[in-house]
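Dumped structure39.pdb below, it's PDB, N, CA and C atoms:
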```pdb
ATOM      1  N   MET A   1     134.844 -60.797  40.261
ATOM      2  CA  MET A   1     135.075 -59.431  40.663
ATOM      3  C   MET A   1     134.063 -58.493  40.022
ATOM      4  N   ILE A   2     132.876 -58.944  39.821
ATOM      5  CA  ILE A   2     131.849 -58.110  39.229
ATOM      6  C   ILE A   2     131.538 -56.952  40.165
ATOM      7  N   GLY A   3     131.586 -55.739  39.631
ATOM      8  CA  GLY A   3     131.267 -54.564  40.431
ATOM      9  C   GLY A   3     132.475 -53.890  41.044
ATOM     10  N   GLN A   4     133.454 -54.656  41.509
ATOM     11  CA  GLN A   4     134.635 -54.069  42.105
ATOM     12  C   GLN A   4     135.576 -53.617  40.998
ATOM     13  N   ARG A   5     136.245 -52.504  41.256
ATOM     14  CA  ARG A   5     137.153 -51.966  40.258
ATOM     15  C   ARG A   5     138.477 -51.550  40.874
ATOM     16  N   PRO A   6     139.287 -52.516  41.335
ATOM     17  CA  PRO A   6     140.599 -52.080  41.800
ATOM     18  C   PRO A   6     141.387 -51.606  40.586
ATOM     19  N   GLU A   7     142.176 -50.593  40.772
ATOM     20  CA  GLU A   7     142.992 -50.072  39.679
ATOM     21  C   GLU A   7     144.453 -50.321  39.985
ATOM     22  N   ARG A   8     145.181 -50.720  38.964
ATOM     23  CA  ARG A   8     146.617 -50.922  39.124
ATOM     24  C   ARG A   8     147.236 -49.595  39.532
ATOM     25  N   TYR A   9     148.126 -49.674  40.487
ATOM     26  CA  TYR A   9     148.777 -48.479  41.003
ATOM     27  C   TYR A   9     150.247 -48.799  41.165
ATOM     28  N   MET A  10     151.080 -47.919  40.754
ATOM     29  CA  MET A  10     152.521 -48.141  40.855
ATOM     30  C   MET A  10     152.958 -48.057  42.315
ATOM     31  N   ALA A  11     154.043 -48.729  42.613
ATOM     32  CA  ALA A  11     154.596 -48.665  43.962
ATOM     33  C   ALA A  11     154.948 -47.214  44.286
ATOM     34  N   VAL A  12     154.722 -46.841  45.515
ATOM     35  CA  VAL A  12     154.975 -45.464  45.951
ATOM     36  C   VAL A  12     155.852 -45.482  47.198
ATOM     37  N   GLU A  13     156.427 -44.334  47.500
ATOM     38  CA  GLU A  13     157.286 -44.232  48.673
ATOM     39  C   GLU A  13     156.495 -44.060  49.962
ATOM     40  N   SER A  14     155.279 -43.556  49.855
ATOM     41  CA  SER A  14     154.466 -43.303  51.051
ATOM     42  C   SER A  14     153.082 -43.915  50.866
ATOM     43  N   CYS A  15     152.616 -44.620  51.875
ATOM     44  CA  CYS A  15     151.284 -45.221  51.798
ATOM     45  C   CYS A  15     150.193 -44.154  51.765
ATOM     46  N   ASP A  16     150.532 -42.912  52.127
ATOM     47  CA  ASP A  16     149.568 -41.817  52.083
ATOM     48  C   ASP A  16     149.163 -41.475  50.647
ATOM     49  N   GLU A  17     149.965 -41.935  49.686
ATOM     50  CA  GLU A  17     149.689 -41.627  48.283
ATOM     51  C   GLU A  17     148.659 -42.572  47.664
ATOM     52  N   VAL A  18     148.357 -43.674  48.303
ATOM     53  CA  VAL A  18     147.446 -44.679  47.755
ATOM     54  C   VAL A  18     146.140 -44.660  48.536
ATOM     55  N   ARG A  19     145.029 -44.711  47.848
ATOM     56  CA  ARG A  19     143.717 -44.727  48.492
ATOM     57  C   ARG A  19     143.142 -46.131  48.418
ATOM     58  N   ARG A  20     143.055 -46.771  49.576
ATOM     59  CA  ARG A  20     142.457 -48.102  49.668
ATOM     60  C   ARG A  20     141.432 -48.104  50.785
ATOM     61  N   ASN A  21     140.358 -48.826  50.558
ATOM     62  CA  ASN A  21     139.301 -48.966  51.562
ATOM     63  C   ASN A  21     139.482 -50.318  52.256
ATOM     64  N   VAL A  22     140.367 -50.356  53.232
ATOM     65  CA  VAL A  22     140.716 -51.631  53.863
ATOM     66  C   VAL A  22     139.579 -52.248  54.671
ATOM     67  N   PHE A  23     138.586 -51.479  55.005
ATOM     68  CA  PHE A  23     137.446 -52.038  55.730
ATOM     69  C   PHE A  23     136.249 -52.290  54.820
ATOM     70  N   CYS A  24     136.510 -52.460  53.541
ATOM     71  CA  CYS A  24     135.462 -52.797  52.569
ATOM     72  C   CYS A  24     135.282 -54.311  52.519
ATOM     73  N   ARG A  25     134.059 -54.735  52.374
ATOM     74  CA  ARG A  25     133.750 -56.167  52.285
ATOM     75  C   ARG A  25     134.465 -56.821  51.107
ATOM     76  N   HIS A  26     134.785 -56.076  50.064
ATOM     77  CA  HIS A  26     135.408 -56.614  48.852
ATOM     78  C   HIS A  26     136.930 -56.482  48.851
ATOM     79  N   TYR A  27     137.489 -55.854  49.884
ATOM     80  CA  TYR A  27     138.924 -55.556  49.894
ATOM     81  C   TYR A  27     139.781 -56.809  49.693
ATOM     82  N   GLY A  28     139.442 -57.872  50.375
ATOM     83  CA  GLY A  28     140.214 -59.115  50.258
ATOM     84  C   GLY A  28     140.231 -59.653  48.838
ATOM     85  N   GLU A  29     139.084 -59.592  48.168
ATOM     86  CA  GLU A  29     139.021 -60.059  46.780
ATOM     87  C   GLU A  29     139.898 -59.187  45.885
ATOM     88  N   CYS A  30     139.860 -57.894  46.096
ATOM     89  CA  CYS A  30     140.660 -56.971  45.289
ATOM     90  C   CYS A  30     142.146 -57.160  45.561
ATOM     91  N   LEU A  31     142.501 -57.379  46.816
ATOM     92  CA  LEU A  31     143.889 -57.617  47.188
ATOM     93  C   LEU A  31     144.389 -58.905  46.537
ATOM     94  N   THR A  32     143.596 -59.957  46.602
ATOM     95  CA  THR A  32     143.958 -61.222  45.966
ATOM     96  C   THR A  32     144.114 -61.044  44.462
ATOM     97  N   TYR A  33     143.214 -60.291  43.849
ATOM     98  CA  TYR A  33     143.285 -60.023  42.409
ATOM     99  C   TYR A  33     144.592 -59.304  42.062
ATOM    100  N   ALA A  34     144.955 -58.297  42.845
ATOM    101  CA  ALA A  34     146.195 -57.546  42.594
ATOM    102  C   ALA A  34     147.414 -58.460  42.709
ATOM    103  N   ILE A  35     147.393 -59.376  43.665
ATOM    104  CA  ILE A  35     148.500 -60.330  43.826
ATOM    105  C   ILE A  35     148.573 -61.249  42.612
ATOM    106  N   ARG A  36     147.434 -61.796  42.201
ATOM    107  CA  ARG A  36     147.410 -62.698  41.035
ATOM    108  C   ARG A  36     147.868 -62.007  39.763
ATOM    109  N   MET A  37     147.526 -60.724  39.633
ATOM    110  CA  MET A  37     147.913 -59.963  38.444
ATOM    111  C   MET A  37     149.358 -59.462  38.548
ATOM    112  N   ARG A  38     149.977 -59.678  39.728
ATOM    113  CA  ARG A  38     151.352 -59.243  39.990
ATOM    114  C   ARG A  38     151.514 -57.733  39.831
ATOM    115  N   TRP A  39     150.484 -57.005  40.268
ATOM    116  CA  TRP A  39     150.538 -55.547  40.245
ATOM    117  C   TRP A  39     151.483 -55.067  41.346
ATOM    118  N   PRO A  40     152.137 -53.929  41.141
ATOM    119  CA  PRO A  40     152.977 -53.376  42.206
ATOM    120  C   PRO A  40     152.148 -52.765  43.332
ATOM    121  N   GLY A  41     150.883 -52.514  43.073
ATOM    122  CA  GLY A  41     149.968 -51.951  44.057
ATOM    123  C   GLY A  41     148.605 -51.752  43.425
ATOM    124  N   PHE A  42     147.636 -51.330  44.215
ATOM    125  CA  PHE A  42     146.317 -51.043  43.658
ATOM    126  C   PHE A  42     145.643 -49.945  44.458
ATOM    127  N   SER A  43     144.636 -49.350  43.846
ATOM    128  CA  SER A  43     143.892 -48.266  44.469
ATOM    129  C   SER A  43     142.396 -48.545  44.364
ATOM    130  N   CYS A  44     141.658 -48.124  45.365
ATOM    131  CA  CYS A  44     140.193 -48.236  45.377
ATOM    132  C   CYS A  44     139.534 -46.900  45.034
ATOM    133  N   GLN A  45     140.328 -45.927  44.669
ATOM    134  CA  GLN A  45     139.856 -44.558  44.544
ATOM    135  C   GLN A  45     138.617 -44.397  43.664
ATOM    136  N   ASN A  46     138.524 -45.089  42.545
ATOM    137  CA  ASN A  46     137.391 -44.912  41.630
ATOM    138  C   ASN A  46     136.341 -46.018  41.729
ATOM    139  N   CYS A  47     136.462 -46.884  42.712
ATOM    140  CA  CYS A  47     135.498 -47.972  42.882
ATOM    141  C   CYS A  47     134.241 -47.447  43.582
ATOM    142  N   GLU A  48     133.101 -47.882  43.110
ATOM    143  CA  GLU A  48     131.827 -47.467  43.698
ATOM    144  C   GLU A  48     131.137 -48.609  44.441
ATOM    145  N   SER A  49     131.880 -49.692  44.725
ATOM    146  CA  SER A  49     131.292 -50.880  45.347
ATOM    147  C   SER A  49     131.604 -51.006  46.831
ATOM    148  N   TYR A  50     132.015 -49.916  47.492
ATOM    149  CA  TYR A  50     132.391 -49.982  48.900
ATOM    150  C   TYR A  50     131.219 -50.444  49.766
ATOM    151  N   GLU A  51     131.489 -51.446  50.602
ATOM    152  CA  GLU A  51     130.545 -51.914  51.616
ATOM    153  C   GLU A  51     131.349 -52.114  52.894
ATOM    154  N   HIS A  52     131.035 -51.355  53.938
ATOM    155  CA  HIS A  52     131.787 -51.430  55.190
ATOM    156  C   HIS A  52     131.703 -52.827  55.801
ATOM    157  N   GLU A  53     132.842 -53.276  56.334
ATOM    158  CA  GLU A  53     132.904 -54.570  57.011
ATOM    159  C   GLU A  53     133.775 -54.437  58.245
ATOM    160  N   LYS A  54     133.300 -54.946  59.358
ATOM    161  CA  LYS A  54     134.092 -54.971  60.579
ATOM    162  C   LYS A  54     134.829 -56.304  60.618
ATOM    163  N   LEU A  55     136.154 -56.248  60.761
ATOM    164  CA  LEU A  55     136.967 -57.461  60.736
ATOM    165  C   LEU A  55     137.284 -57.934  62.149
ATOM    166  N   ASP A  56     137.244 -59.262  62.339
ATOM    167  CA  ASP A  56     137.650 -59.836  63.613
ATOM    168  C   ASP A  56     139.151 -60.150  63.553
ATOM    169  N   GLY A  57     139.695 -60.673  64.615
ATOM    170  CA  GLY A  57     141.131 -60.946  64.689
ATOM    171  C   GLY A  57     141.637 -61.875  63.608
ATOM    172  N   GLU A  58     140.911 -62.947  63.318
ATOM    173  CA  GLU A  58     141.342 -63.909  62.292
ATOM    174  C   GLU A  58     141.323 -63.272  60.904
ATOM    175  N   ALA A  59     140.285 -62.496  60.622
ATOM    176  CA  ALA A  59     140.193 -61.827  59.316
ATOM    177  C   ALA A  59     141.308 -60.801  59.166
ATOM    178  N   LEU A  60     141.634 -60.094  60.237
ATOM    179  CA  LEU A  60     142.732 -59.126  60.185
ATOM    180  C   LEU A  60     144.059 -59.822  59.925
ATOM    181  N   SER A  61     144.258 -60.968  60.557
ATOM    182  CA  SER A  61     145.492 -61.729  60.366
ATOM    183  C   SER A  61     145.601 -62.215  58.919
ATOM    184  N   ASP A  62     144.494 -62.687  58.359
ATOM    185  CA  ASP A  62     144.465 -63.144  56.973
ATOM    186  C   ASP A  62     144.741 -61.977  56.029
ATOM    187  N   ASP A  63     144.143 -60.836  56.306
ATOM    188  CA  ASP A  63     144.350 -59.647  55.490
ATOM    189  C   ASP A  63     145.815 -59.213  55.542
ATOM    190  N   TYR A  64     146.411 -59.274  56.718
ATOM    191  CA  TYR A  64     147.818 -58.923  56.875
ATOM    192  C   TYR A  64     148.700 -59.826  56.015
ATOM    193  N   ALA A  65     148.400 -61.119  56.013
ATOM    194  CA  ALA A  65     149.194 -62.071  55.221
ATOM    195  C   ALA A  65     149.101 -61.745  53.735
ATOM    196  N   ARG A  66     147.914 -61.396  53.259
ATOM    197  CA  ARG A  66     147.760 -61.050  51.845
ATOM    198  C   ARG A  66     148.431 -59.713  51.522
ATOM    199  N   CYS A  67     148.414 -58.776  52.450
ATOM    200  CA  CYS A  67     149.122 -57.507  52.243
ATOM    201  C   CYS A  67     150.622 -57.751  52.130
ATOM    202  N   MET A  68     151.142 -58.644  52.945
ATOM    203  CA  MET A  68     152.558 -58.986  52.861
ATOM    204  C   MET A  68     152.863 -59.659  51.527
ATOM    205  N   ALA A  69     151.960 -60.511  51.050
ATOM    206  CA  ALA A  69     152.156 -61.159  49.748
ATOM    207  C   ALA A  69     152.231 -60.112  48.644
ATOM    208  N   LEU A  70     151.345 -59.116  48.690
ATOM    209  CA  LEU A  70     151.385 -58.047  47.692
ATOM    210  C   LEU A  70     152.710 -57.292  47.778
ATOM    211  N   ALA A  71     153.188 -57.051  48.979
ATOM    212  CA  ALA A  71     154.462 -56.344  49.152
ATOM    213  C   ALA A  71     155.617 -57.144  48.556
ATOM    214  N   PHE A  72     155.602 -58.461  48.725
ATOM    215  CA  PHE A  72     156.644 -59.300  48.134
ATOM    216  C   PHE A  72     156.541 -59.308  46.607
ATOM    217  N   VAL A  73     155.336 -59.482  46.101
ATOM    218  CA  VAL A  73     155.123 -59.527  44.647
ATOM    219  C   VAL A  73     155.538 -58.213  44.002
ATOM    220  N   SER A  74     155.228 -57.107  44.647
ATOM    221  CA  SER A  74     155.521 -55.796  44.075
ATOM    222  C   SER A  74     156.996 -55.416  44.207
ATOM    223  N   GLY A  75     157.728 -56.143  45.048
ATOM    224  CA  GLY A  75     159.126 -55.818  45.270
ATOM    225  C   GLY A  75     159.323 -54.791  46.372
ATOM    226  N   ALA A  76     158.244 -54.402  47.033
ATOM    227  CA  ALA A  76     158.353 -53.422  48.115
ATOM    228  C   ALA A  76     159.119 -53.988  49.309
ATOM    229  N   ILE A  77     159.083 -55.314  49.452
ATOM    230  CA  ILE A  77     159.822 -55.991  50.521
ATOM    231  C   ILE A  77     160.733 -57.018  49.867
ATOM    232  N   ASP A  78     161.984 -56.996  50.244
ATOM    233  CA  ASP A  78     162.954 -57.963  49.731
ATOM    234  C   ASP A  78     162.902 -59.204  50.618
ATOM    235  N   PRO A  79     162.465 -60.344  50.073
ATOM    236  CA  PRO A  79     162.345 -61.548  50.906
ATOM    237  C   PRO A  79     163.699 -62.058  51.397
ATOM    238  N   MET A  80     164.789 -61.610  50.785
ATOM    239  CA  MET A  80     166.116 -62.058  51.183
ATOM    240  C   MET A  80     166.767 -61.128  52.212
ATOM    241  N   ALA A  81     166.153 -59.989  52.460
ATOM    242  CA  ALA A  81     166.714 -59.031  53.422
ATOM    243  C   ALA A  81     166.617 -59.616  54.821
ATOM    244  N   GLN A  82     167.655 -59.399  55.593
ATOM    245  CA  GLN A  82     167.653 -59.878  56.966
ATOM    246  C   GLN A  82     166.837 -58.949  57.836
ATOM    247  N   ARG A  83     166.079 -59.542  58.732
ATOM    248  CA  ARG A  83     165.317 -58.752  59.691
ATOM    249  C   ARG A  83     166.246 -58.313  60.806
ATOM    250  N   PRO A  84     166.018 -57.139  61.342
ATOM    251  CA  PRO A  84     166.863 -56.686  62.463
ATOM    252  C   PRO A  84     166.666 -57.590  63.671
ATOM    253  N   HIS A  85     167.735 -57.815  64.390
ATOM    254  CA  HIS A  85     167.679 -58.643  65.586
ATOM    255  C   HIS A  85     167.017 -57.869  66.729
ATOM    256  N   VAL A  86     166.013 -58.483  67.340
ATOM    257  CA  VAL A  86     165.313 -57.851  68.447
ATOM    258  C   VAL A  86     165.708 -58.561  69.734
ATOM    259  N   SER A  87     166.140 -57.794  70.716
ATOM    260  CA  SER A  87     166.568 -58.377  71.987
ATOM    261  C   SER A  87     165.449 -58.406  72.972
TER     262      SER A  87
END
```

Please lay out the structure from this file as structure tokens.
Amino acid sequence: MIGQRPERYMAVESCDEVRRNVFCRHYGECLTYAIRMRWPGFSCQNCESYEHEKLDGEALSDDYARCMALAFVSGAIDPMAQRPHVS
């Protein structure tokens, strides 16, 4: 993670409160780092390593899976909660 500086960020009620650069080439590495560190969240606000990256469908799906992992680790999503039934 040389150069990237994700910062630990506490869980918040609104995603508008957290600044993340989801289209950064390093975002996946930072997200994985936050999961491994078991942070409740992270921010890219003070990072100076932003490099724009266009994601394809597979990369977006992978990113979504890691975002869900962070949500589980942080406690933002209860893995035991029942999902609403969709008809």

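With distances taken over all atoms listed in the file, A:Ser43 is the one residue among A:Ser43, A:Asn21, A:Leu31, A:Glu48 lying closest to Arg8 (chain A).
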
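With only C-alpha atoms as the atoms that count, the residue of A:Asp62, A:Glu7, A:Asp56, A:Glu29 with the shortest distance to Phe42 (chain A) is A:Glu7.
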
| task | List the neighbours of Val22 (chain A) out to 9 Å using only C-alpha atoms; skip same-chain residues closer than 4 positions along the sequence, and give me the result as an NGL selection string. | result | :A and (26-28 or 53 or 63)

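Considering only N, CA and C atoms, the residue among A:Trp39, A:Tyr50, A:Phe72, A:Phe23 positioned nearest to Arg5 (chain A) is A:Tyr50.
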
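When only C-alpha atoms are used to measure the gap to Glu51 (chain A), the shortest distance among A:Ala76, A:Ile35, A:Cys24, A:Cys67 belongs to A:Cys24.
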
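Take the candidates A:Met10, A:Arg38, A:Arg25, A:Arg20 and check each one against His52 (chain A) using all atoms listed in the file; the shortest distance goes to A:Arg25.
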
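The interatomic distance for the pair atom C of Gln45 (chain A) and atom N of Leu70 (chain A) works out to 20.1 Å.
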
| field | Atomic separation - CA of Gly75 (chain A) relative to atom N of Ser49 (chain A), Å | value | 27.9 Å

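A straight line drawn from atom N of Val73 (chain A) to CA of Pro40 (chain A) is 7.6 Å long.
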